[in-house]
$ cat data.txt   # compact mmCIF, C-alpha atoms
# COMPACT_ATOMS: atom_id res chain seq x y z
CA MET O 1 238.48 -52.66 269.08
CA ALA O 2 237.19 -53.87 272.45
CA GLU O 3 236.22 -57.51 272.76
CA GLN O 4 232.52 -58.32 272.68
CA SER O 5 231.15 -59.72 275.93
CA SER O 6 230.61 -63.09 274.22
CA ASP O 7 234.30 -63.13 273.22
CA LEU O 8 235.47 -62.86 276.81
CA LYS O 9 236.80 -65.89 278.63
CA LYS O 10 234.36 -67.04 281.30
CA VAL O 11 235.94 -67.35 284.73
CA VAL O 12 234.31 -68.34 288.03
CA ILE O 13 235.82 -67.06 291.27
CA TYR O 14 234.85 -68.24 294.74
CA THR O 15 236.05 -66.13 297.68
CA ASP O 16 236.08 -66.03 301.45
CA GLY O 17 237.77 -64.08 304.21
CA ALA O 18 238.44 -65.00 307.82
CA CYS O 19 239.64 -63.26 310.94
CA THR O 20 240.52 -64.66 314.36
CA GLY O 21 239.31 -61.68 316.33
CA ASN O 22 237.94 -58.67 314.51
CA PRO O 23 240.37 -56.99 314.24
CA GLY O 24 243.01 -59.67 314.53
CA PRO O 25 245.00 -62.05 312.38
CA GLY O 26 243.15 -62.69 309.14
CA GLY O 27 243.35 -64.35 305.77
CA TYR O 28 241.59 -64.81 302.49
CA GLY O 29 241.00 -67.79 300.24
CA THR O 30 240.17 -67.66 296.55
CA VAL O 31 239.42 -70.41 294.03
CA LEU O 32 239.48 -69.57 290.31
CA LEU O 33 237.91 -71.89 287.74
CA TYR O 34 238.41 -71.56 283.99
CA GLY O 35 237.28 -74.58 281.99
CA GLU O 36 239.24 -77.52 283.41
CA LYS O 37 241.80 -75.22 285.03
CA ARG O 38 241.76 -74.48 288.74
CA ARG O 39 243.89 -72.12 290.80
CA GLU O 40 243.81 -71.53 294.55
CA LEU O 41 245.13 -68.40 296.22
CA SER O 42 245.47 -67.39 299.86
CA ALA O 43 247.41 -65.06 302.12
CA GLY O 44 247.37 -64.17 305.80
CA TYR O 45 247.76 -60.82 307.54
CA ARG O 46 248.84 -60.12 311.11
CA ARG O 47 246.17 -57.49 311.92
CA THR O 48 243.11 -56.81 309.80
CA THR O 49 239.33 -57.21 309.75
CA ASN O 50 237.02 -59.83 308.34
CA ASN O 51 235.50 -57.36 305.87
CA ARG O 52 238.94 -56.40 304.54
CA MET O 53 239.77 -60.07 303.98
CA GLU O 54 236.45 -60.61 302.16
CA ILE O 55 237.33 -57.75 299.79
CA MET O 56 240.95 -58.92 299.42
CA ALA O 57 239.78 -62.38 298.36
CA VAL O 58 237.94 -60.85 295.39
CA ILE O 59 240.82 -58.51 294.54
CA ALA O 60 243.31 -61.39 294.60
CA GLY O 61 241.21 -63.40 292.17
CA LEU O 62 240.71 -60.54 289.74
CA GLU O 63 244.34 -59.38 289.88
CA VAL O 64 245.68 -62.67 288.49
CA LEU O 65 243.53 -62.47 285.34
CA ARG O 66 245.74 -61.43 282.42
CA TYR O 67 242.95 -60.32 280.10
CA PRO O 68 239.48 -58.83 280.47
CA CYS O 69 237.14 -61.69 281.35
CA ASP O 70 233.49 -62.44 281.97
CA VAL O 71 233.70 -63.19 285.70
CA THR O 72 231.13 -64.63 288.07
CA ILE O 73 232.20 -64.06 291.67
CA TYR O 74 230.67 -66.12 294.46
CA THR O 75 230.99 -64.63 297.95
CA ASP O 76 229.35 -65.34 301.28
CA SER O 77 229.91 -61.72 302.28
CA GLN O 78 226.80 -59.58 302.02
CA TYR O 79 229.08 -56.57 302.59
CA VAL O 80 230.99 -57.34 299.38
CA SER O 81 227.97 -58.52 297.43
CA ASN O 82 225.75 -55.55 298.29
CA SER O 83 228.54 -53.02 297.87
CA ILE O 84 228.95 -54.11 294.24
CA THR O 85 225.49 -55.28 293.16
CA GLN O 86 223.62 -52.43 294.82
CA GLY O 87 226.16 -49.84 293.73
CA TRP O 88 227.16 -48.77 297.24
CA ALA O 89 230.91 -48.63 296.51
CA VAL O 90 230.38 -46.69 293.27
CA ARG O 91 228.21 -44.18 295.17
CA TRP O 92 230.77 -43.85 297.96
CA ARG O 93 233.45 -43.04 295.40
CA ALA O 94 231.19 -40.56 293.58
CA ASN O 95 230.45 -38.87 296.93
CA GLY O 96 234.10 -38.42 297.91
CA TRP O 97 234.16 -41.71 299.83
CA MET O 98 231.32 -40.69 302.09
CA ARG O 99 228.63 -43.27 302.99
CA ASN O 100 226.24 -40.45 303.79
CA LYS O 101 226.55 -36.80 304.78
CA LYS O 102 228.27 -37.63 308.09
CA GLU O 103 229.97 -41.02 307.75
CA LYS O 104 233.13 -41.65 305.80
CA ALA O 105 233.37 -44.98 303.97
CA ILE O 106 235.98 -47.41 305.26
CA ASN O 107 238.31 -49.81 303.49
CA ILE O 108 238.67 -47.15 300.81
CA ASP O 109 242.09 -48.43 299.72
CA LEU O 110 240.58 -51.82 298.88
CA TRP O 111 237.41 -50.44 297.28
CA ILE O 112 239.54 -48.32 294.94
CA ARG O 113 241.47 -51.42 293.85
CA LEU O 114 238.31 -53.50 293.48
CA LEU O 115 236.37 -50.89 291.52
CA ASP O 116 239.34 -50.42 289.17
CA LEU O 117 239.40 -54.19 288.56
CA CYS O 118 235.64 -54.30 288.04
CA ALA O 119 236.06 -51.69 285.29
CA ILE O 120 238.36 -54.08 283.39
CA HIS O 121 236.17 -57.16 283.58
CA LYS O 122 232.51 -57.96 283.07
CA ILE O 123 231.53 -58.79 286.64
CA GLN O 124 228.58 -60.59 288.16
CA VAL O 125 228.56 -61.03 291.95
CA VAL O 126 226.47 -63.81 293.49
CA TRP O 127 225.91 -64.12 297.22
CA VAL O 128 226.01 -67.66 298.61
CA LYS O 129 225.22 -68.73 302.15
CA GLY O 130 228.41 -69.54 304.03
CA HIS O 131 228.97 -72.92 305.69
CA ALA O 132 226.06 -74.36 303.73
CA GLY O 133 227.84 -77.18 301.95
CA ASN O 134 228.95 -75.42 298.75
CA PRO O 135 232.25 -77.26 298.09
CA GLU O 136 234.12 -74.31 296.58
CA ASN O 137 232.94 -71.89 299.26
CA GLU O 138 233.97 -74.42 301.91
CA ARG O 139 237.40 -74.72 300.27
CA CYS O 140 237.80 -70.94 300.34
CA ASP O 141 236.89 -70.98 304.02
CA GLN O 142 239.59 -73.60 304.67
CA LEU O 143 242.16 -71.58 302.72
CA SER O 144 241.32 -68.34 304.54
CA VAL O 145 241.42 -69.90 308.02
CA GLN O 146 244.73 -71.67 307.25
CA ALA O 147 246.19 -68.40 305.94
CA ALA O 148 245.10 -66.51 309.07
CA LYS O 149 246.85 -69.13 311.23
CA SER O 150 250.09 -69.23 309.21
CA LYS O 151 253.39 -68.10 310.71
CA ASP O 152 254.70 -65.49 308.28
CA LEU O 153 251.75 -63.12 308.21
CA LEU O 154 251.83 -60.08 305.94
CA VAL O 155 251.16 -56.51 307.02
CA ASP O 156 247.79 -55.10 305.92
CA GLU O 157 249.23 -51.62 305.46
CA GLY O 158 245.86 -50.14 304.53
CA TYR O 159 244.54 -51.21 307.91
CA GLU O 160 247.59 -50.75 310.14
CA ASN O 161 248.58 -47.39 308.66
CA ALA O 162 245.07 -45.94 308.58
CA THR O 163 244.70 -42.47 310.04
CA THR O 164 241.43 -43.18 311.83
CA ASP O 165 241.03 -45.12 315.05
CA ASN O 166 241.16 -48.84 314.21
CA SER O 167 238.27 -49.62 316.53
CA GLU O 168 236.03 -47.54 314.23
CA LYS O 169 236.84 -49.77 311.26
CA ILE O 170 234.92 -52.83 312.38
CA LEU O 171 231.58 -51.04 312.49
CA PHE O 172 230.88 -51.53 308.78

$ encode --input "data.txt" --output "structure tokens"
Amino acid sequence: MAEQSSDLKKVVIYTDGACTGNPGPGGYGTVLLYGEKRRELSAGYRRTTNNRMEIMAVIAGLEVLRYPCDVTIYTDSQYVSNSITQGWAVRWRANGWMRNKKEKAINIDLWIRLLDLCAIHKIQVVWVKGHAGNPENERCDQLSVQAAKSKDLLVDEGYENATTDNSEKILF
């Protein structure tokens, strides 16, 4: 029997992504809060986009949860927030990953991962203004910038191995 929503553990996740150049080296920062427990996550990539890092920050937070949870995600990315709360990503998937009749959605590899994770958890996404003094959002910003500047950067295979022209990817 599936757990009732009220039986789910309540987790708060703050996220941010950063890129030095777009595309360029990038990173994400994630802070998870569960009761008195706190966990910080970050990673840097050698060539990626800001939007990809914003999505990766959310994915990273959700992927470490061991059980279905009631999750409130705070992001300063309207791209991430609107794609989930307004159902854009679900529509893109339903339409064969097309944004409209002519334009293919981008970052499909990450949206697939994120939508699969959203199906496991009860998700609420809240947009917060970036660089506006929210301590956890500011911490995520620090983590993402530090990760983007680190030495041993990972390969964002979904970006670097994409079949379309990389310059097209930063448009949306």

$ residues_near_point --input "data.txt" --point "(231.4, -70.9, 309.1)" --cutoff "12 Å" --atoms "all atoms listed in the file" --output "PyMOL selection string"
chain O and resi 16-19+76-77+129-134+137-142+144-145

$ residues_around --input "data.txt" --residues "O:Cys118" --least-positions-apart "3" --cutoff "12 Å" --atoms "all atoms listed in the file" --output "VMD selection string"
chain O and resid 58 to 59 61 to 63 65 68 to 73 84 to 85 87 89 to 90 111 to 115 121 to 125

$ closest_residue --input "data.txt" --among "O:Tyr34, O:Tyr79, O:Trp97, O:Tyr74" --to "O:Val128" --atoms "all atoms listed in the file"
O:Tyr74

$ closest_residue --input "data.txt" --among "O:Ala162, O:Ala43, O:Ile55, O:Ala119" --to "O:Ala148" --atoms "all atoms listed in the file"
O:Ala43

$ closest_residue --input "data.txt" --among "O:Lys10, O:Lys101, O:Arg38, O:Arg52" --to "O:Asp156" --atoms "only C-alpha atoms"
O:Arg52

$ closest_residue --input "data.txt" --among "O:Met56, O:Val64, O:Leu117, O:Leu41" --to "O:Gly158" --atoms "all atoms listed in the file"
O:Met56

$ atom_distance --input "data.txt" --atom1 "atom CA of O:Asn95" --atom2 "atom CA of O:Leu110"
16.6 Å

$ residues_around --input "data.txt" --residues "O:Ser150" --least-positions-apart "3" --cutoff "12 Å" --atoms "only C-alpha atoms" --output "PyMOL selection string"
chain O and resi 20+25-28+42-46+143-147+153-154

$ build_atoms --input "data.txt" --residues "stretch 52-77 of chain O" --atoms "N, CA and C atoms" --output "PDB file, in the frame of the given file"
ATOM      1  N   ARG O  52     237.778 -56.661 305.416  1.00  0.00           N
ATOM      2  CA  ARG O  52     238.940 -56.400 304.540  1.00  0.00           C
ATOM      3  C   ARG O  52     239.380 -57.698 303.849  1.00  0.00           C
ATOM      4  N   MET O  53     239.350 -58.797 304.582  1.00  0.00           N
ATOM      5  CA  MET O  53     239.770 -60.070 303.980  1.00  0.00           C
ATOM      6  C   MET O  53     238.752 -60.542 302.934  1.00  0.00           C
ATOM      7  N   GLU O  54     237.477 -60.271 303.156  1.00  0.00           N
ATOM      8  CA  GLU O  54     236.450 -60.610 302.160  1.00  0.00           C
ATOM      9  C   GLU O  54     236.714 -59.838 300.860  1.00  0.00           C
ATOM     10  N   ILE O  55     237.030 -58.561 300.980  1.00  0.00           N
ATOM     11  CA  ILE O  55     237.330 -57.750 299.790  1.00  0.00           C
ATOM     12  C   ILE O  55     238.633 -58.218 299.137  1.00  0.00           C
ATOM     13  N   MET O  56     239.654 -58.484 299.961  1.00  0.00           N
ATOM     14  CA  MET O  56     240.950 -58.920 299.420  1.00  0.00           C
ATOM     15  C   MET O  56     240.836 -60.223 298.644  1.00  0.00           C
ATOM     16  N   ALA O  57     239.963 -61.109 299.071  1.00  0.00           N
ATOM     17  CA  ALA O  57     239.780 -62.380 298.360  1.00  0.00           C
ATOM     18  C   ALA O  57     239.329 -62.125 296.916  1.00  0.00           C
ATOM     19  N   VAL O  58     238.422 -61.175 296.744  1.00  0.00           N
ATOM     20  CA  VAL O  58     237.940 -60.850 295.390  1.00  0.00           C
ATOM     21  C   VAL O  58     239.048 -60.164 294.598  1.00  0.00           C
ATOM     22  N   ILE O  59     239.728 -59.212 295.215  1.00  0.00           N
ATOM     23  CA  ILE O  59     240.820 -58.510 294.540  1.00  0.00           C
ATOM     24  C   ILE O  59     241.877 -59.501 294.072  1.00  0.00           C
ATOM     25  N   ALA O  60     242.271 -60.418 294.939  1.00  0.00           N
ATOM     26  CA  ALA O  60     243.310 -61.390 294.600  1.00  0.00           C
ATOM     27  C   ALA O  60     242.926 -62.205 293.369  1.00  0.00           C
ATOM     28  N   GLY O  61     241.666 -62.630 293.324  1.00  0.00           N
ATOM     29  CA  GLY O  61     241.210 -63.400 292.170  1.00  0.00           C
ATOM     30  C   GLY O  61     241.228 -62.602 290.889  1.00  0.00           C
ATOM     31  N   LEU O  62     240.763 -61.374 290.947  1.00  0.00           N
ATOM     32  CA  LEU O  62     240.710 -60.540 289.740  1.00  0.00           C
ATOM     33  C   LEU O  62     242.097 -60.098 289.287  1.00  0.00           C
ATOM     34  N   GLU O  63     243.002 -59.876 290.236  1.00  0.00           N
ATOM     35  CA  GLU O  63     244.340 -59.380 289.880  1.00  0.00           C
ATOM     36  C   GLU O  63     245.162 -60.400 289.096  1.00  0.00           C
ATOM     37  N   VAL O  64     244.881 -61.683 289.219  1.00  0.00           N
ATOM     38  CA  VAL O  64     245.680 -62.670 288.490  1.00  0.00           C
ATOM     39  C   VAL O  64     245.190 -62.886 287.052  1.00  0.00           C
ATOM     40  N   LEU O  65     244.041 -62.323 286.704  1.00  0.00           N
ATOM     41  CA  LEU O  65     243.530 -62.470 285.340  1.00  0.00           C
ATOM     42  C   LEU O  65     244.340 -61.585 284.406  1.00  0.00           C
ATOM     43  N   ARG O  66     244.863 -62.171 283.328  1.00  0.00           N
ATOM     44  CA  ARG O  66     245.740 -61.430 282.420  1.00  0.00           C
ATOM     45  C   ARG O  66     244.996 -60.640 281.361  1.00  0.00           C
ATOM     46  N   TYR O  67     243.747 -60.977 281.130  1.00  0.00           N
ATOM     47  CA  TYR O  67     242.950 -60.320 280.100  1.00  0.00           C
ATOM     48  C   TYR O  67     241.571 -59.994 280.664  1.00  0.00           C
ATOM     49  N   PRO O  68     240.872 -59.057 280.046  1.00  0.00           N
ATOM     50  CA  PRO O  68     239.480 -58.830 280.470  1.00  0.00           C
ATOM     51  C   PRO O  68     238.689 -60.131 280.322  1.00  0.00           C
ATOM     52  N   CYS O  69     237.906 -60.444 281.328  1.00  0.00           N
ATOM     53  CA  CYS O  69     237.140 -61.690 281.350  1.00  0.00           C
ATOM     54  C   CYS O  69     235.706 -61.428 281.779  1.00  0.00           C
ATOM     55  N   ASP O  70     234.864 -62.404 281.490  1.00  0.00           N
ATOM     56  CA  ASP O  70     233.490 -62.440 281.970  1.00  0.00           C
ATOM     57  C   ASP O  70     233.535 -63.249 283.264  1.00  0.00           C
ATOM     58  N   VAL O  71     233.426 -62.568 284.409  1.00  0.00           N
ATOM     59  CA  VAL O  71     233.700 -63.190 285.700  1.00  0.00           C
ATOM     60  C   VAL O  71     232.437 -63.264 286.554  1.00  0.00           C
ATOM     61  N   THR O  72     232.169 -64.455 287.068  1.00  0.00           N
ATOM     62  CA  THR O  72     231.130 -64.630 288.070  1.00  0.00           C
ATOM     63  C   THR O  72     231.842 -64.868 289.396  1.00  0.00           C
ATOM     64  N   ILE O  73     231.574 -63.995 290.351  1.00  0.00           N
ATOM     65  CA  ILE O  73     232.200 -64.060 291.670  1.00  0.00           C
ATOM     66  C   ILE O  73     231.166 -64.553 292.673  1.00  0.00           C
ATOM     67  N   TYR O  74     231.516 -65.606 293.398  1.00  0.00           N
ATOM     68  CA  TYR O  74     230.670 -66.120 294.460  1.00  0.00           C
ATOM     69  C   TYR O  74     231.294 -65.737 295.794  1.00  0.00           C
ATOM     70  N   THR O  75     230.516 -65.064 296.638  1.00  0.00           N
ATOM     71  CA  THR O  75     230.990 -64.630 297.950  1.00  0.00           C
ATOM     72  C   THR O  75     229.900 -64.896 298.982  1.00  0.00           C
ATOM     73  N   ASP O  76     230.325 -65.210 300.204  1.00  0.00           N
ATOM     74  CA  ASP O  76     229.350 -65.340 301.280  1.00  0.00           C
ATOM     75  C   ASP O  76     229.275 -64.058 302.105  1.00  0.00           C
ATOM     76  N   SER O  77     229.909 -63.011 301.610  1.00  0.00           N
ATOM     77  CA  SER O  77     229.910 -61.720 302.280  1.00  0.00           C
ATOM     78  C   SER O  77     228.836 -60.814 301.690  1.00  0.00           C
TER      79      SER O  77
END
